[in-house]
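Here's the structure, in structure tokens; my notes come after.
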Amino acid sequence: MRLDKFFSSQKILSRRECESVLKKGRVAVNGLTVKKGDFKIEPDKDEITLDGKVITYQKYAYMLVNKPIGVVSATEDGRDKTVLDLLPDEFKKLGLFPCGRLDKDTTGLVVLTNDGVSAHNALSPKKHVEKKYYFETADSYSEEDVSAITAGLELKDGYVTKPCKIERLGENCGYIYLTEGKYHEIKRLFGARGNKITSLKRIAFGALTLGDLKEGEWRYMTEEETELFCKAAK
Ligand code: URA
């Protein structure tokens, strides 16, 4: 397959965009910079990189971003920067969307994909995909708070939350593990106990972890991560 065809088949670059990216020396095949669109490759054998990041030949795209504060979990926003704006422009036409939402003032792991079925399933409470968050609270929280929150409690709108887990790290910080993702859930859980979340960061989404991905950075899921994400969602 021609290299430019590979990029357009992956919906990453049009032929014209591909030409310009190739000219700039941003593409490598098996570690060697390639500047010609008609260069022949074997998509499932050769390692193709764009700006040093390996492009895995696949039907759908799966990426991870570390969302900073102030960025919104949406595909478009008239005012704020979105999680998609953290990716290079070439990826805009892939039809990616965030798998679940983090609040504007929450940081951490967001999955971006265009695989609607896996995303839908990964978010379904029935699949019990656990999301891990680091939190800090304004006031210290008690063991009674932990028992009430982890058992599941009734929020102001009458919704009763699913049981969850809390791992205490200090007087006013810890990890919380949820298998559902209701609007402002963690803030409302602590709010229901008269406390306030002052910092929230998603550390893990099922088997996917933030690792050393810095705020504002993105990367492709590895093949193993993609498999785990899609399998967990089945
Ligand atoms: N719960 C919240 O309150 N906010 C988030 O961003 C995620 C979970």
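Following the order of the structure tokens, chains are lettered A, B, ..., residues in each are numbered from 1, and ligands are numbered from 1.
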Could you list, as an mmCIF file with C-alpha atoms, in the first residue's frame, every residue within 6 Å of segment 174-191 of chain A, counting only C-alpha atoms and ignoring same-chain residues fewer than 4 positions away?
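What ended up in selection_39.cif:
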data_model
loop_
_atom_site.group_PDB
_atom_site.id
_atom_site.type_symbol
_atom_site.label_atom_id
_atom_site.label_comp_id
_atom_site.auth_asym_id
_atom_site.auth_seq_id
_atom_site.Cartn_x
_atom_site.Cartn_y
_atom_site.Cartn_z
ATOM 1 C CA PRO A 125 -22.579 0.782 34.871
ATOM 2 C CA HIS A 128 -18.473 -2.334 36.062
ATOM 3 C CA VAL A 129 -15.494 -0.606 34.460
ATOM 4 C CA GLU A 130 -13.847 1.041 37.464
ATOM 5 C CA LYS A 131 -12.622 4.622 37.325
ATOM 6 C CA LYS A 132 -10.047 5.697 39.899
ATOM 7 C CA TYR A 133 -9.759 9.319 41.055
ATOM 8 C CA TYR A 134 -7.426 11.107 43.427
ATOM 9 C CA PHE A 135 -9.381 13.623 45.489
ATOM 10 C CA CYS A 164 -18.019 2.493 45.496
ATOM 11 C CA LYS A 165 -14.636 2.233 47.241
ATOM 12 C CA ILE A 166 -12.473 4.788 49.024
ATOM 13 C CA GLU A 167 -8.807 4.354 49.910
ATOM 14 C CA ARG A 168 -7.703 6.905 52.473
ATOM 15 C CA LEU A 169 -4.357 8.589 51.923
ATOM 16 C CA ASN A 195 -17.801 18.558 52.597
ATOM 17 C CA LYS A 196 -16.341 19.975 49.395
ATOM 18 C CA ILE A 197 -13.985 18.533 46.780
#
| said: Could you pull out the strand (DSSP E or B) residues of segment 115-193 of chain A, going by DSSP on the backbone, and write them as a ChimeraX atom specification? | reply: /A:131-137,154,160,165-170,173-178
| query | Out of A:Pro98, A:Gly108, A:Pro43, A:Gly37, which residue has the shortest atom-to-atom distance to Thr209 of chain A when counting only C-alpha atoms? | reply |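 Residue with the minimum atom-to-atom distance to Thr209 of chain A: A:Gly108.
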| Counting only C-alpha atoms and all ligand atoms, the option among A:Lys53, A:Lys201, A:Asp38, A:Leu112 closest to ligand 1 | A:Lys201
| Option closest in space to ligand 1, from A:Asp157, A:Glu215, A:Glu136, A:Glu224 [counting only C-alpha atoms and all ligand atoms] |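 Closest to ligand 1, using only C-alpha atoms and all ligand atoms: A:Glu136.
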| said: Neighbouring residues of Thr107 of chain A were defined as those with any atom within 6 Å, considering only C-alpha atoms; residues of the same chain fewer than 2 positions away were excluded. Please report them as a PyMOL selection string. | reply: chain A and resi 67-69+201
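Each of A:Tyr57, A:Tyr62, A:Tyr141, A:Phe205 was checked against ligand 1 using only C-alpha atoms and all ligand atoms; the smallest atom-to-atom distance is that of A:Phe205.
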| task | Pick out the closest residue to Ser199 of chain A from this set: A:Leu155, A:Ala74, A:Ala138, A:Leu32. Count only C-alpha atoms. | result |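 Among the listed residues, the smallest separation from Ser199 of chain A belongs to A:Ala138.
One distance worth recording is that between atom CA of Ile41 of chain A and atom CA of Pro88 of chain A, which is 23.5 Å.
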| request: Point out the residue among A:Glu19, A:Gly216, A:Glu143, A:Glu47 with the least atom-to-atom distance to Leu109 of chain A, counting only C-alpha atoms. | output: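 For Leu109 of chain A, the nearest of the candidates is A:Gly216.
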Do a neighbour search on Met63 of chain A at 9 Å with only C-alpha atoms, toss out local chain neighbours closer than 4 positions, and write the hits as a short mmCIF file (atom, residue, chain, number, x, y, z; two decimals) with C-alpha atoms, in the first residue's frame.
data_model
loop_
_atom_site.label_atom_id
_atom_site.label_comp_id
_atom_site.auth_asym_id
_atom_site.auth_seq_id
_atom_site.Cartn_x
_atom_site.Cartn_y
_atom_site.Cartn_z
CA VAL A 110 -9.73 10.87 29.23
CA VAL A 111 -10.16 8.22 26.54
CA LEU A 112 -10.71 9.55 23.04
CA THR A 113 -12.06 7.19 20.41
CA TRP A 218 -1.75 12.70 24.51
CA ARG A 219 -0.70 9.29 23.27
CA TYR A 220 -2.15 6.34 21.37
CA MET A 221 -3.31 3.40 23.43
CA THR A 222 -0.93 0.50 23.00
CA THR A 226 -6.84 -1.20 23.09
#
| message | as a ChimeraX atom specification, please: every residue in segment 27-183 of chain A that DSSP puts in helix (DSSP H, G or I). | response | /A:83-86,89-94,116-123,125-127,143-151
| task | For Arg2 of chain A, list every protein, DNA or RNA residue within 12 Å, evaluated using only C-alpha atoms, and leave out those in the same chain fewer than 6 positions away; present the list as a VMD selection string. | result | chain A and resid 8 to 9 15 18 29 34 36 to 43 48
